[in-house]
Amino acid sequence: MAVLSSETFELRDSDHIVLVRQATRRFAVQLGFGIVDQTKIVTASSELARNTVEYGGGGTAVIETVESAGKKGVRVIFEDQGPGIPDVEQALTDGYTSGHGMGLGLGGAKRLCHEFEITTTLGLGTRIAIVRWK
Ligand SMILES: Nc1ncnc2c1ncn2[C@@H]1O[C@H](COP(=O)(O)OP(=O)(O)O)[C@@H](O)[C@H]1O
Ligand SMILES: [Mg+2]
């Protein structure tokens, strides 16, 4: 996968979540995504940004325009150095929350994207990469 452009954002608080949300939309618009597809990647990105702040203790988001096999897409990569996710399958289950959320963020984000990849290590942190192709 080739990276055509990339921007990195800090994720420490809710203002940063808004910035990541807006920037994700900007990347999607720039690729010519329609309003429905924009909303899908923006919603996924904003849920994962919130998790990075709430559960990961803060971290970063890298938003990219990518290209593979002649297709272009938006990739967003979230990384934190938080506690990690002990049971990924459980965390992806709709309705599961270890906090006070609705437990729909992770599973919802996965359904809204074409690619969804989690790497997590207890005590070291979590990396989640999503892609929505044009
Ligand atoms: N970056 C993360 N670091 C550690 N745990 C996480 C992270 N993201 C998600 N989780 C865990 O996965 C659970 C499910 O997340 P989510 O589906 O977004 O629901 P909610 O945010 O409502 O709890 C969270 O309650 C939390 O336990
Ligand atoms: Mg969440």
# chains A, B, ... in the order shown; residues from 1 in each chain; ligands from 1

call {"tool": "residues_around", "arguments": {"residues": "Thr93 (chain A)", "least_positions_apart": "3", "cutoff": "8 Å", "atoms": "only C-alpha atoms", "output": "ChimeraX atom specification"}}
result
/A:89-90,96,103-104,107

call {"tool": "residues_around", "arguments": {"residues": "region 44-49 of chain A", "least_positions_apart": "6", "cutoff": "9 Å", "atoms": "only C-alpha atoms", "output": "PyMOL selection string"}}
result
chain A and resi 11+16-18+20-21+24+58-61+76-78+104-106+108-113+128+130

call {"tool": "write_last_selection", "arguments": {"atoms": "N, CA, C and O atoms", "output": "compact mmCIF listing (two decimals), in the first residue's frame"}}
result
# COMPACT_ATOMS: atom_id res chain seq x y z
N LEU A 11 -3.71 13.10 20.39
CA LEU A 11 -5.04 12.82 20.95
C LEU A 11 -4.95 12.77 22.47
O LEU A 11 -4.58 11.73 23.03
N HIS A 16 -9.07 17.58 20.73
CA HIS A 16 -8.27 16.82 19.74
C HIS A 16 -9.14 15.85 18.96
O HIS A 16 -8.93 15.64 17.77
N ILE A 17 -10.14 15.28 19.64
CA ILE A 17 -11.06 14.35 18.95
C ILE A 17 -11.81 15.10 17.84
O ILE A 17 -11.95 14.60 16.72
N VAL A 18 -12.24 16.33 18.13
CA VAL A 18 -12.93 17.15 17.12
C VAL A 18 -12.00 17.43 15.94
O VAL A 18 -12.41 17.34 14.77
N VAL A 20 -9.47 15.64 14.87
CA VAL A 20 -9.27 14.40 14.10
C VAL A 20 -10.51 14.11 13.26
O VAL A 20 -10.42 13.70 12.09
N ARG A 21 -11.68 14.34 13.86
CA ARG A 21 -12.94 14.17 13.14
C ARG A 21 -12.99 15.07 11.90
O ARG A 21 -13.27 14.61 10.78
N THR A 24 -10.39 13.98 9.27
CA THR A 24 -10.80 12.76 8.57
C THR A 24 -11.78 13.12 7.46
O THR A 24 -11.68 12.64 6.33
N GLY A 58 -4.64 8.55 25.96
CA GLY A 58 -4.13 9.49 24.96
C GLY A 58 -3.16 8.81 24.02
O GLY A 58 -2.67 7.72 24.31
N GLY A 59 -2.89 9.46 22.90
CA GLY A 59 -1.99 8.88 21.91
C GLY A 59 -1.97 9.72 20.66
O GLY A 59 -2.03 10.95 20.74
N THR A 60 -1.92 9.05 19.50
CA THR A 60 -1.86 9.78 18.24
C THR A 60 -2.80 9.17 17.20
O THR A 60 -3.16 8.00 17.29
N ALA A 61 -3.18 10.00 16.23
CA ALA A 61 -3.88 9.52 15.04
C ALA A 61 -3.08 9.98 13.82
O ALA A 61 -2.67 11.14 13.75
N VAL A 76 -6.74 5.57 8.68
CA VAL A 76 -6.46 6.27 9.93
C VAL A 76 -5.87 5.25 10.90
O VAL A 76 -6.43 4.17 11.09
N ILE A 77 -4.75 5.61 11.49
CA ILE A 77 -4.04 4.72 12.41
C ILE A 77 -4.00 5.37 13.80
O ILE A 77 -3.49 6.49 13.94
N PHE A 78 -4.55 4.67 14.78
CA PHE A 78 -4.59 5.16 16.16
C PHE A 78 -3.58 4.38 16.99
O PHE A 78 -3.56 3.15 16.92
N LEU A 104 -20.49 0.31 21.67
CA LEU A 104 -20.76 0.13 20.24
C LEU A 104 -19.65 0.68 19.35
O LEU A 104 -19.69 0.54 18.13
N GLY A 105 -18.65 1.30 19.97
CA GLY A 105 -17.62 2.01 19.20
C GLY A 105 -16.76 1.11 18.34
O GLY A 105 -16.64 1.31 17.13
N LEU A 106 -16.16 0.11 18.95
CA LEU A 106 -15.20 -0.74 18.23
C LEU A 106 -15.90 -1.56 17.15
O LEU A 106 -15.46 -1.56 15.99
N GLY A 108 -18.82 -1.05 15.82
CA GLY A 108 -19.38 -0.12 14.83
C GLY A 108 -18.30 0.35 13.87
O GLY A 108 -18.51 0.34 12.65
N ALA A 109 -17.14 0.72 14.39
CA ALA A 109 -16.04 1.20 13.55
C ALA A 109 -15.63 0.11 12.56
O ALA A 109 -15.39 0.37 11.39
N LYS A 110 -15.58 -1.13 13.05
CA LYS A 110 -15.19 -2.25 12.18
C LYS A 110 -16.18 -2.40 11.02
O LYS A 110 -15.79 -2.58 9.87
N ARG A 111 -17.47 -2.29 11.32
CA ARG A 111 -18.49 -2.45 10.27
C ARG A 111 -18.49 -1.29 9.27
O ARG A 111 -18.89 -1.46 8.13
N LEU A 112 -18.03 -0.13 9.70
CA LEU A 112 -18.08 1.06 8.84
C LEU A 112 -16.88 1.16 7.89
O LEU A 112 -16.83 2.06 7.06
N CYS A 113 -15.91 0.25 8.06
CA CYS A 113 -14.70 0.34 7.24
C CYS A 113 -14.49 -0.92 6.42
O CYS A 113 -15.10 -1.95 6.69
N ILE A 128 -4.69 0.57 16.23
CA ILE A 128 -5.82 0.18 15.38
C ILE A 128 -5.73 0.95 14.07
O ILE A 128 -5.61 2.18 14.07
N ILE A 130 -7.60 1.56 10.33
CA ILE A 130 -8.81 1.37 9.52
C ILE A 130 -8.58 1.95 8.13
O ILE A 130 -7.82 2.92 7.97

call {"tool": "residues_around", "arguments": {"residues": "Gly101 (chain A)", "least_positions_apart": "6", "cutoff": "12 Å", "atoms": "only C-alpha atoms", "output": "number ranges by chain"}}
result
A: 47, 50-51, 54-55, 91, 94-95

call {"tool": "select_by_dssp", "arguments": {"residues": "chain A", "states": "strand (DSSP E or B)", "output": "PyMOL selection string"}}
result
chain A and resi 2-11+59-68+71-80+115-121+125-133

call {"tool": "atom_distance", "arguments": {"atom1": "CA of Val131 (chain A)", "atom2": "atom 5 (N, counted along the ligand's line) of ligand 1"}}
result
20.3 Å

call {"tool": "residues_around", "arguments": {"residues": "Asp87 (chain A)", "least_positions_apart": "6", "cutoff": "12 Å", "atoms": "only C-alpha atoms", "output": "list of chain:residue names"}}
result
A:Thr93, A:Tyr96, A:Thr97, A:Ser98, A:Ile118, A:Thr119, A:Thr120, A:Thr121, A:Leu122

call {"tool": "write_last_selection", "arguments": {"atoms": "C-alpha atoms", "output": "mmCIF file, in the first residue's frame"}}
result
data_model
loop_
_atom_site.group_PDB
_atom_site.id
_atom_site.type_symbol
_atom_site.label_atom_id
_atom_site.label_comp_id
_atom_site.auth_asym_id
_atom_site.auth_seq_id
_atom_site.Cartn_x
_atom_site.Cartn_y
_atom_site.Cartn_z
ATOM 1 C CA THR A 93 -18.898 -7.360 21.004
ATOM 2 C CA TYR A 96 -19.541 -4.548 25.938
ATOM 3 C CA THR A 97 -17.938 -1.653 27.787
ATOM 4 C CA SER A 98 -15.412 -1.678 30.599
ATOM 5 C CA ILE A 118 -5.982 -4.307 15.893
ATOM 6 C CA THR A 119 -2.614 -4.939 17.476
ATOM 7 C CA THR A 120 -2.668 -4.756 21.256
ATOM 8 C CA THR A 121 -0.298 -5.841 24.001
ATOM 9 C CA LEU A 122 -1.170 -5.780 27.686
#

call {"tool": "closest_residue", "arguments": {"among": "A:Ser6, A:Thr126, A:Thr43, A:Ser14", "to": "Val74 (chain A)", "atoms": "only C-alpha atoms"}}
result
A:Ser6

call {"tool": "decode", "arguments": {"residues": "region 59-90 of chain A", "atoms": "N, CA, C and O atoms", "output": "compact mmCIF listing (two decimals), in the first residue's frame"}}
result
# COMPACT_ATOMS: atom_id res chain seq x y z
N GLY A 59 -2.89 9.46 22.90
CA GLY A 59 -1.99 8.88 21.91
C GLY A 59 -1.97 9.72 20.66
O GLY A 59 -2.03 10.95 20.74
N THR A 60 -1.92 9.05 19.50
CA THR A 60 -1.86 9.78 18.24
C THR A 60 -2.80 9.17 17.20
O THR A 60 -3.16 8.00 17.29
N ALA A 61 -3.18 10.00 16.23
CA ALA A 61 -3.88 9.52 15.04
C ALA A 61 -3.08 9.98 13.82
O ALA A 61 -2.67 11.14 13.75
N VAL A 62 -2.85 9.07 12.90
CA VAL A 62 -2.22 9.41 11.62
C VAL A 62 -3.27 9.19 10.53
O VAL A 62 -3.81 8.09 10.41
N ILE A 63 -3.60 10.26 9.82
CA ILE A 63 -4.59 10.18 8.74
C ILE A 63 -3.84 10.21 7.41
O ILE A 63 -2.98 11.08 7.21
N GLU A 64 -4.19 9.28 6.54
CA GLU A 64 -3.43 9.14 5.29
C GLU A 64 -4.36 8.97 4.09
O GLU A 64 -5.44 8.39 4.21
N THR A 65 -3.89 9.43 2.96
CA THR A 65 -4.45 9.01 1.67
C THR A 65 -3.56 7.88 1.20
O THR A 65 -2.34 8.03 1.14
N VAL A 66 -4.18 6.72 0.89
CA VAL A 66 -3.40 5.55 0.48
C VAL A 66 -3.88 5.05 -0.88
O VAL A 66 -5.00 5.37 -1.31
N GLU A 67 -3.04 4.27 -1.52
CA GLU A 67 -3.39 3.70 -2.82
C GLU A 67 -2.90 2.27 -2.88
O GLU A 67 -1.79 1.97 -2.45
N SER A 68 -3.77 1.39 -3.38
CA SER A 68 -3.39 -0.01 -3.55
C SER A 68 -4.16 -0.58 -4.73
O SER A 68 -5.37 -0.42 -4.80
N ALA A 69 -3.45 -1.24 -5.63
CA ALA A 69 -4.06 -1.88 -6.80
C ALA A 69 -4.98 -0.91 -7.55
O ALA A 69 -6.08 -1.26 -7.96
N GLY A 70 -4.52 0.34 -7.68
CA GLY A 70 -5.28 1.33 -8.44
C GLY A 70 -6.43 1.97 -7.70
O GLY A 70 -7.09 2.85 -8.22
N LYS A 71 -6.66 1.53 -6.44
CA LYS A 71 -7.74 2.13 -5.64
C LYS A 71 -7.14 3.11 -4.63
O LYS A 71 -6.10 2.84 -4.04
N LYS A 72 -7.85 4.19 -4.40
CA LYS A 72 -7.42 5.13 -3.35
C LYS A 72 -8.36 5.02 -2.16
O LYS A 72 -9.54 4.66 -2.31
N GLY A 73 -7.85 5.36 -0.99
CA GLY A 73 -8.68 5.30 0.20
C GLY A 73 -8.12 6.18 1.31
O GLY A 73 -7.04 6.77 1.17
N VAL A 74 -8.89 6.26 2.38
CA VAL A 74 -8.44 6.98 3.58
C VAL A 74 -8.10 5.94 4.64
O VAL A 74 -8.91 5.05 4.94
N ARG A 75 -6.89 6.03 5.18
CA ARG A 75 -6.48 5.17 6.29
C ARG A 75 -6.27 6.04 7.52
O ARG A 75 -5.70 7.13 7.42
N VAL A 76 -6.74 5.57 8.68
CA VAL A 76 -6.46 6.27 9.93
C VAL A 76 -5.87 5.25 10.90
O VAL A 76 -6.43 4.17 11.09
N ILE A 77 -4.75 5.61 11.49
CA ILE A 77 -4.04 4.72 12.41
C ILE A 77 -4.00 5.37 13.80
O ILE A 77 -3.49 6.49 13.94
N PHE A 78 -4.55 4.67 14.78
CA PHE A 78 -4.59 5.16 16.16
C PHE A 78 -3.58 4.38 16.99
O PHE A 78 -3.56 3.15 16.92
N GLU A 79 -2.79 5.10 17.76
CA GLU A 79 -1.81 4.41 18.61
C GLU A 79 -1.78 5.02 20.00
O GLU A 79 -1.83 6.24 20.15
N ASP A 80 -1.76 4.15 21.00
CA ASP A 80 -1.59 4.63 22.38
C ASP A 80 -0.65 3.71 23.13
O ASP A 80 -0.36 2.60 22.69
N GLN A 81 -0.16 4.21 24.24
CA GLN A 81 0.72 3.42 25.12
C GLN A 81 -0.03 3.09 26.41
O GLN A 81 0.54 3.10 27.50
N GLY A 82 -1.32 2.81 26.26
CA GLY A 82 -2.16 2.53 27.41
C GLY A 82 -2.08 1.08 27.86
O GLY A 82 -1.12 0.38 27.56
N PRO A 83 -3.13 0.62 28.56
CA PRO A 83 -3.11 -0.71 29.19
C PRO A 83 -3.26 -1.87 28.23
O PRO A 83 -3.02 -3.02 28.61
N GLY A 84 -3.66 -1.60 26.98
CA GLY A 84 -3.94 -2.69 26.04
C GLY A 84 -5.33 -3.26 26.28
O GLY A 84 -6.00 -2.90 27.25
N ILE A 85 -5.77 -4.11 25.36
CA ILE A 85 -7.11 -4.71 25.45
C ILE A 85 -6.95 -6.20 25.77
O ILE A 85 -6.40 -6.95 24.97
N PRO A 86 -7.39 -6.63 26.95
CA PRO A 86 -7.16 -8.02 27.38
C PRO A 86 -7.87 -9.05 26.50
O PRO A 86 -7.33 -10.12 26.27
N ASP A 87 -9.07 -8.73 26.01
CA ASP A 87 -9.85 -9.69 25.22
C ASP A 87 -10.49 -8.93 24.06
O ASP A 87 -11.52 -8.28 24.22
N VAL A 88 -9.83 -9.00 22.89
CA VAL A 88 -10.27 -8.20 21.74
C VAL A 88 -11.66 -8.63 21.26
O VAL A 88 -12.48 -7.79 20.91
N GLU A 89 -11.92 -9.93 21.27
CA GLU A 89 -13.23 -10.42 20.81
C GLU A 89 -14.35 -9.84 21.69
O GLU A 89 -15.39 -9.39 21.20
N GLN A 90 -14.12 -9.86 22.98
CA GLN A 90 -15.09 -9.29 23.92
C GLN A 90 -15.26 -7.78 23.67
O GLN A 90 -16.37 -7.26 23.64
